[in-house]
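Enquirer: Got a structure for you, questions after.
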Amino acid sequence: MAWRLLRAAVATVAASVALTAGAQTSAAAPVPQAAPQRIVSLLPSATEAVCALGACERLVGVDDFSLDPPPVQALPRLGRTWEPSIEAVVHLRPDVVFTGRTPPVQQRLQALGLHVVEVDALTIADIESALRKIDKALQLHTAEIAIKNMRQELQEIASTAQARRPGLPPPRVYIEVDNALYAAGPDSFMGELLSHLGAENIAAGSSTPFPQLTPEYVVRADPDLIIQSHTAASLHALAQRPGWGRLRALRLGQVCQLSAPETRTLTRPGPRLVEAARILARCLGQLPGHTPAHAAP
């Protein structure tokens with residue numbers, strides 16, 4: 001498409017001025033490419049990152065799951081992250097499209113001449129990398145300060161959380177991200193946050209950051225705390241799982257059930273890591289022996 005080719009081209013103008021016989025010919029510097037002004041995000045964490053970095057007003061369309069921050073709810077909905085309406089995306093004439101790890105979607109969009117940037121993330125390091133990618137693509141120059149502030153706040157939350165359990169062993173925690181017993185493993189960004197807060201993840205390291213456990217596995221692990229980062233199962237439903245009526249966390253009422261907004265905050269690998277850490281810290285604060293916040297050093 002001609003308009004995309006013209007916009008993407010970087011013009012180089014050569015100029016020569018003959019001052020004397022044998023004068024040198026010099027080329028002008030390339031004209032900088034304009035910063036993208038029409039952004040489509042097909043990933044909720046990317047939508048949040050665009051806004052956190054200061055370019056929310058440039059968004060022209062988002063996937064169905066992008067609900068935060070509230071202003072994006074008024075934008076055109078383009079379908080599910082892994083199955084968007086390609087026609088609707090093209091109709092918006094975006095300068096850049098941010099996607100997750102969805103090769104078929106990426107290939108179709110690129111075949112139509114669109115500029116696609118993958119910004120999926122599974123770990124905290126991935127999240128920082130995604131912020132930098134988005135920052136570079138949009139020419140914002142705000143990512144580094146955002147990352148610095150995020151790291152500092154995470155450290156403060158972690159230090160406070162650990163100080164509030166003086167002399168106690170690390171609590172053993174099961175974070176359930178889906179009713180089918182998918183867990184946040186230790187190598188996921190959620191697992192990393194849990195570790196920073198001084199807790200032990202019952203899910204062992206595996207080939208995937210979000211492994212699927214069995215009811216028997218959780219019974220054997222007998223966690224001190226269950227964090228439900230979804231709203232699909234009630235406490236009664238949990239107790240009906242094979243052997244779960246014996247779980248210490250259920251017997252003592254040590255289950256932290258998150259609201260839908262809290263679930264979105266915790267499970268999306270984006271710029272709200274600090275808020276996610278606070279949610280986990282609040283859940284850990286339910287455990288016995290936890291020093292109240294006002295008494296922490």
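Just so we're on the same page: first chain in the structure tokens is A, next is B, and so on; residues restart at 1 for each chain, and ligands are numbered from 1 in the order they show up.
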Quick one: everything within 6 Å of region 218-225 of chain A, counting only C-alpha atoms, minus sequence neighbours fewer than 6 positions away in the same chain. Send it as a list in words.

Expert: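 The residues that qualify are Arg172, Val173, Leu247, Ala249, Gln254 and Val255 of chain A.
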
Enquirer: Would you output that residue set with N, CA, C and O atoms, as a tab-separated table (two decimals), in the first residue's frame?

Expert:
chain	number	residue	atom	x	y	z
A	172	ARG	N	4.42	-21.06	52.84
A	172	ARG	CA	4.34	-21.84	51.60
A	172	ARG	C	3.02	-21.49	50.92
A	172	ARG	O	1.95	-21.64	51.50
A	173	VAL	N	3.11	-21.04	49.66
A	173	VAL	CA	1.96	-20.43	48.99
A	173	VAL	C	1.66	-21.11	47.66
A	173	VAL	O	2.57	-21.49	46.91
A	247	LEU	N	-6.80	-29.68	53.60
A	247	LEU	CA	-5.76	-28.67	53.45
A	247	LEU	C	-5.76	-27.68	54.61
A	247	LEU	O	-6.81	-27.16	55.01
A	249	ALA	N	-4.74	-24.63	54.65
A	249	ALA	CA	-5.20	-23.30	54.25
A	249	ALA	C	-6.72	-23.19	54.29
A	249	ALA	O	-7.28	-22.17	54.71
A	254	GLN	N	-7.27	-19.63	55.42
A	254	GLN	CA	-6.16	-18.85	54.87
A	254	GLN	C	-6.17	-18.93	53.35
A	254	GLN	O	-5.29	-19.51	52.71
A	255	VAL	N	-7.22	-18.36	52.79
A	255	VAL	CA	-7.42	-18.30	51.34
A	255	VAL	C	-7.66	-16.85	50.97
A	255	VAL	O	-8.52	-16.19	51.55

Enquirer: Mind listing the helix (DSSP H, G or I) residues of region 97-255 of chain A, per DSSP on the backbone, as a PyMOL selection string?

Expert: chain A and resi 103-111+124-138+143-163+189-196+215-221+235-239+244-246+248-251

Enquirer: With distances taken over only C-alpha atoms, which residue among A:Phe65, A:Val274, A:Pro209, A:Leu140 lies nearest Val50 (chain A)?

Expert: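 With only C-alpha atoms as the atom set, the closest residue is A:Leu140.
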
Enquirer: Taking only C-alpha atoms into account, which of A:Arg58, A:His141, A:Arg108, A:Arg164 comes nearest Gln286 (chain A)?

Expert: A:Arg164

Enquirer: Might you pull out every residue within 10 Å of Pro69 (chain A), with only C-alpha atoms counted and same-chain residues fewer than 2 positions away left off, and present them as a PyMOL selection string?

Expert: chain A and resi 44+47-49+51-52+56+66-67+71-73

Enquirer: Could you dump the residues just selected with N, CA, C and O atoms as a PDB file, in the first residue's frame?

Expert:
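Saved file part37.pdb follows:
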ATOM      1  N   PRO A  44      -3.403  -6.826  26.591  1.00  0.00           N
ATOM      2  CA  PRO A  44      -3.742  -5.933  27.701  1.00  0.00           C
ATOM      3  C   PRO A  44      -2.538  -5.292  28.378  1.00  0.00           C
ATOM      4  O   PRO A  44      -2.563  -4.097  28.701  1.00  0.00           O
ATOM      5  N   THR A  47      -1.321  -2.474  26.271  1.00  0.00           N
ATOM      6  CA  THR A  47      -2.221  -1.316  26.387  1.00  0.00           C
ATOM      7  C   THR A  47      -1.889  -0.523  27.641  1.00  0.00           C
ATOM      8  O   THR A  47      -1.765   0.710  27.605  1.00  0.00           O
ATOM      9  N   GLU A  48      -1.727  -1.218  28.766  1.00  0.00           N
ATOM     10  CA  GLU A  48      -1.398  -0.547  30.014  1.00  0.00           C
ATOM     11  C   GLU A  48      -0.038   0.139  29.926  1.00  0.00           C
ATOM     12  O   GLU A  48       0.153   1.237  30.453  1.00  0.00           O
ATOM     13  N   ALA A  49       0.915  -0.513  29.263  1.00  0.00           N
ATOM     14  CA  ALA A  49       2.258   0.059  29.144  1.00  0.00           C
ATOM     15  C   ALA A  49       2.246   1.326  28.301  1.00  0.00           C
ATOM     16  O   ALA A  49       2.909   2.315  28.636  1.00  0.00           O
ATOM     17  N   CYS A  51      -0.091   3.439  27.981  1.00  0.00           N
ATOM     18  CA  CYS A  51      -0.664   4.511  28.802  1.00  0.00           C
ATOM     19  C   CYS A  51       0.294   4.925  29.914  1.00  0.00           C
ATOM     20  O   CYS A  51       0.473   6.117  30.192  1.00  0.00           O
ATOM     21  N   ALA A  52       0.936   3.949  30.554  1.00  0.00           N
ATOM     22  CA  ALA A  52       1.857   4.257  31.646  1.00  0.00           C
ATOM     23  C   ALA A  52       3.052   5.074  31.163  1.00  0.00           C
ATOM     24  O   ALA A  52       3.585   5.903  31.908  1.00  0.00           O
ATOM     25  N   CYS A  56      -1.245   7.252  25.886  1.00  0.00           N
ATOM     26  CA  CYS A  56      -2.593   6.668  25.865  1.00  0.00           C
ATOM     27  C   CYS A  56      -3.457   7.304  24.770  1.00  0.00           C
ATOM     28  O   CYS A  56      -4.271   6.622  24.133  1.00  0.00           O
ATOM     29  N   SER A  66      -8.464  -5.660  26.994  1.00  0.00           N
ATOM     30  CA  SER A  66      -7.841  -4.431  27.488  1.00  0.00           C
ATOM     31  C   SER A  66      -8.909  -3.572  28.159  1.00  0.00           C
ATOM     32  O   SER A  66      -9.697  -2.902  27.492  1.00  0.00           O
ATOM     33  N   LEU A  67      -8.911  -3.587  29.483  1.00  0.00           N
ATOM     34  CA  LEU A  67      -9.908  -2.846  30.258  1.00  0.00           C
ATOM     35  C   LEU A  67      -9.288  -1.762  31.136  1.00  0.00           C
ATOM     36  O   LEU A  67     -10.006  -0.987  31.767  1.00  0.00           O
ATOM     37  N   PRO A  71      -9.901   4.852  30.561  1.00  0.00           N
ATOM     38  CA  PRO A  71     -10.140   5.544  29.277  1.00  0.00           C
ATOM     39  C   PRO A  71     -10.114   4.635  28.057  1.00  0.00           C
ATOM     40  O   PRO A  71     -10.777   4.921  27.055  1.00  0.00           O
ATOM     41  N   VAL A  72      -9.377   3.521  28.105  1.00  0.00           N
ATOM     42  CA  VAL A  72      -9.279   2.657  26.915  1.00  0.00           C
ATOM     43  C   VAL A  72     -10.564   1.872  26.672  1.00  0.00           C
ATOM     44  O   VAL A  72     -10.739   1.297  25.602  1.00  0.00           O
ATOM     45  N   GLN A  73     -11.459   1.848  27.661  1.00  0.00           N
ATOM     46  CA  GLN A  73     -12.697   1.087  27.496  1.00  0.00           C
ATOM     47  C   GLN A  73     -13.595   1.675  26.411  1.00  0.00           C
ATOM     48  O   GLN A  73     -14.484   0.991  25.905  1.00  0.00           O
TER      49      GLN A  73
END

Enquirer: Please determine, counting only C-alpha atoms, which residue among A:Leu112, A:Leu287, A:Val105, A:Ala281 has the shortest atom-to-atom distance to Pro169 (chain A).

Expert: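 Checking each of A:Leu112, A:Leu287, A:Val105, A:Ala281 against Pro169 (chain A), counting only C-alpha atoms, the winner is A:Leu287.
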
Enquirer: If you count only C-alpha atoms, which residues fall within 9 Å of Leu92 (chain A), apart from same-chain ones fewer than 5 positions away, as JSON, numbers by chain?

Expert: {"A": [38, 39, 40, 60, 61, 87]}

Enquirer: When DSSP is applied to the backbone of this structure, which of region 23-194 of chain A are assigned strand (DSSP E or B)? Write them out as a ChimeraX atom specification.

Expert: /A:26-27,39-41,59-62,77,79-80,83-84,96-99,116-118,172-178,182-183

Enquirer: Include N, CA, C and O atoms and write out the residues we just selected as a compact mmCIF listing (two decimals), in the first residue's frame.

Expert:
# COMPACT_ATOMS: atom_id res chain seq x y z
N SER A 26 29.08 16.36 0.08
CA SER A 26 28.66 15.78 1.36
C SER A 26 27.18 15.45 1.31
O SER A 26 26.39 16.17 0.70
N ALA A 27 26.77 14.37 2.01
CA ALA A 27 25.37 13.94 2.08
C ALA A 27 24.74 14.44 3.37
O ALA A 27 25.37 14.42 4.42
N ILE A 39 -1.86 3.90 17.24
CA ILE A 39 -1.39 2.67 17.87
C ILE A 39 -2.55 1.71 18.06
O ILE A 39 -3.62 2.10 18.54
N VAL A 40 -2.33 0.46 17.69
CA VAL A 40 -3.25 -0.62 18.02
C VAL A 40 -2.54 -1.56 18.98
O VAL A 40 -1.39 -1.94 18.75
N SER A 41 -3.21 -1.92 20.07
CA SER A 41 -2.65 -2.88 21.02
C SER A 41 -3.56 -4.09 21.07
O SER A 41 -4.75 -3.98 21.32
N LEU A 59 -3.64 5.67 21.21
CA LEU A 59 -4.31 4.39 20.95
C LEU A 59 -5.58 4.61 20.14
O LEU A 59 -6.39 5.47 20.47
N VAL A 60 -5.74 3.79 19.10
CA VAL A 60 -6.95 3.89 18.27
C VAL A 60 -7.78 2.63 18.30
O VAL A 60 -8.90 2.59 17.78
N GLY A 61 -7.25 1.56 18.90
CA GLY A 61 -7.99 0.31 18.99
C GLY A 61 -7.26 -0.67 19.89
O GLY A 61 -6.03 -0.63 19.98
N VAL A 62 -8.02 -1.54 20.59
CA VAL A 62 -7.43 -2.49 21.52
C VAL A 62 -8.15 -3.83 21.43
O VAL A 62 -9.24 -3.94 20.86
N ARG A 77 -13.09 -2.20 19.90
CA ARG A 77 -12.66 -3.53 20.31
C ARG A 77 -12.38 -4.36 19.07
O ARG A 77 -13.19 -4.42 18.15
N GLY A 79 -11.31 -7.76 18.99
CA GLY A 79 -11.34 -9.21 19.12
C GLY A 79 -10.38 -9.71 20.17
O GLY A 79 -9.73 -8.94 20.88
N ARG A 80 -10.29 -11.02 20.24
CA ARG A 80 -9.43 -11.64 21.25
C ARG A 80 -7.96 -11.51 20.88
O ARG A 80 -7.60 -11.43 19.71
N GLU A 83 -6.89 -13.99 18.44
CA GLU A 83 -7.75 -14.14 17.26
C GLU A 83 -8.46 -12.81 16.97
O GLU A 83 -9.69 -12.73 17.01
N PRO A 84 -7.73 -11.75 16.67
CA PRO A 84 -8.36 -10.46 16.42
C PRO A 84 -8.98 -10.40 15.02
O PRO A 84 -8.71 -11.25 14.17
N VAL A 96 1.62 1.35 14.16
CA VAL A 96 2.28 0.22 14.81
C VAL A 96 1.21 -0.61 15.52
O VAL A 96 0.21 -0.08 16.01
N VAL A 97 1.44 -1.93 15.54
CA VAL A 97 0.54 -2.85 16.23
C VAL A 97 1.37 -3.64 17.25
O VAL A 97 2.35 -4.30 16.88
N PHE A 98 1.00 -3.56 18.52
CA PHE A 98 1.68 -4.33 19.56
C PHE A 98 0.91 -5.63 19.78
O PHE A 98 -0.31 -5.62 19.95
N THR A 99 1.63 -6.74 19.77
CA THR A 99 0.99 -8.06 19.92
C THR A 99 1.70 -8.87 20.99
O THR A 99 2.81 -8.55 21.44
N VAL A 116 4.61 -4.48 13.08
CA VAL A 116 4.21 -5.27 14.24
C VAL A 116 5.37 -5.37 15.22
O VAL A 116 6.51 -5.65 14.81
N VAL A 117 5.08 -5.17 16.50
CA VAL A 117 6.10 -5.31 17.54
C VAL A 117 5.57 -6.27 18.61
O VAL A 117 4.52 -6.01 19.21
N GLU A 118 6.28 -7.37 18.83
CA GLU A 118 5.88 -8.33 19.85
C GLU A 118 6.40 -7.89 21.21
O GLU A 118 7.59 -7.62 21.38
N ARG A 172 4.42 -21.06 52.84
CA ARG A 172 4.34 -21.84 51.60
C ARG A 172 3.02 -21.49 50.92
O ARG A 172 1.95 -21.64 51.50
N VAL A 173 3.11 -21.04 49.66
CA VAL A 173 1.96 -20.43 48.99
C VAL A 173 1.66 -21.11 47.66
O VAL A 173 2.57 -21.49 46.91
N TYR A 174 0.38 -21.25 47.41
CA TYR A 174 -0.11 -21.75 46.11
C TYR A 174 -0.90 -20.62 45.45
O TYR A 174 -1.91 -20.17 45.98
N ILE A 175 -0.42 -20.15 44.29
CA ILE A 175 -1.15 -19.13 43.52
C ILE A 175 -1.84 -19.83 42.37
O ILE A 175 -1.19 -20.33 41.44
N GLU A 176 -3.16 -19.87 42.42
CA GLU A 176 -3.94 -20.53 41.37
C GLU A 176 -4.44 -19.48 40.38
O GLU A 176 -5.15 -18.55 40.76
N VAL A 177 -4.06 -19.63 39.12
CA VAL A 177 -4.43 -18.64 38.12
C VAL A 177 -5.61 -19.08 37.25
O VAL A 177 -6.13 -18.30 36.46
N ASP A 178 -6.04 -20.34 37.43
CA ASP A 178 -7.14 -20.86 36.64
C ASP A 178 -7.79 -22.00 37.40
O ASP A 178 -7.13 -22.73 38.14
N TYR A 182 -4.05 -24.44 37.06
CA TYR A 182 -2.81 -23.84 36.56
C TYR A 182 -2.28 -22.91 37.65
O TYR A 182 -3.03 -22.12 38.24
N ALA A 183 -0.99 -23.03 37.93
CA ALA A 183 -0.37 -22.27 39.01
C ALA A 183 0.65 -21.29 38.46
O ALA A 183 1.20 -21.49 37.37

Enquirer: For Asp187 (chain A), which residue out of A:Gln257, A:Gln212, A:Thr263, A:Thr123 is the nearest one, using only C-alpha atoms?

Expert: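 Between A:Gln257, A:Gln212, A:Thr263, A:Thr123, the residue approaching Asp187 (chain A) most closely is A:Thr123.
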
Enquirer: Give me the residues within 9 Å of Pro211 (chain A) as a VMD selection string, counting only C-alpha atoms and dropping any in the same chain fewer than 2 places off.

Expert: chain A and resid 181 to 185 203 to 209 213

Enquirer: Produce a file of the selected residues containing C-alpha atoms, as a PDB file, in the first residue's frame.

Expert:
ATOM      1  CA  LEU A 181      -5.284 -25.822  38.618  1.00  0.00           C
ATOM      2  CA  TYR A 182      -2.812 -23.837  36.563  1.00  0.00           C
ATOM      3  CA  ALA A 183      -0.373 -22.274  39.009  1.00  0.00           C
ATOM      4  CA  ALA A 184       1.985 -19.330  38.908  1.00  0.00           C
ATOM      5  CA  GLY A 185       5.323 -21.136  38.916  1.00  0.00           C
ATOM      6  CA  ALA A 203       4.863 -25.143  42.498  1.00  0.00           C
ATOM      7  CA  ALA A 204       8.204 -26.545  41.451  1.00  0.00           C
ATOM      8  CA  GLY A 205      10.180 -25.128  38.558  1.00  0.00           C
ATOM      9  CA  SER A 206       9.150 -26.604  35.232  1.00  0.00           C
ATOM     10  CA  SER A 207       9.397 -26.076  31.495  1.00  0.00           C
ATOM     11  CA  THR A 208       6.538 -23.592  31.663  1.00  0.00           C
ATOM     12  CA  PRO A 209       6.121 -20.570  33.958  1.00  0.00           C
ATOM     13  CA  LEU A 213      -0.872 -29.104  38.945  1.00  0.00           C
TER      14      LEU A 213
END

Enquirer: Just want the 9 Å neighbourhood of Leu266 (chain A), counted on only C-alpha atoms, with same-chain residues fewer than 2 positions away dropped. Output as JSON, numbers by chain.

Expert: {"A": [190, 229, 261, 262, 263, 264, 268, 269, 272, 273, 275, 276, 277, 279, 280]}

Enquirer: Export, as a tab-separated table (two decimals), in the first residue's frame, the selected residues with C-alpha atoms.

Expert:
chain	number	residue	atom	x	y	z
A	190	MET	CA	4.07	-13.66	39.74
A	229	SER	CA	-6.09	-14.99	41.11
A	261	PRO	CA	-9.84	-5.85	39.08
A	262	GLU	CA	-7.23	-7.30	41.46
A	263	THR	CA	-6.94	-10.38	39.27
A	264	ARG	CA	-6.29	-8.24	36.21
A	268	ARG	CA	-0.99	-9.06	33.59
A	269	PRO	CA	2.75	-8.73	33.03
A	272	ARG	CA	1.46	-2.39	37.35
A	273	LEU	CA	3.94	-4.78	38.97
A	275	GLU	CA	0.35	-2.82	42.55
A	276	ALA	CA	0.59	-6.59	42.00
A	277	ALA	CA	3.26	-6.84	44.69
A	279	ILE	CA	-1.83	-7.35	46.44
A	280	LEU	CA	0.40	-10.34	47.21

Enquirer: To one decimal in Å, tell me the separation between CA of Ala55 (chain A) and CA of Gln139 (chain A).

Expert: 10.0 Å
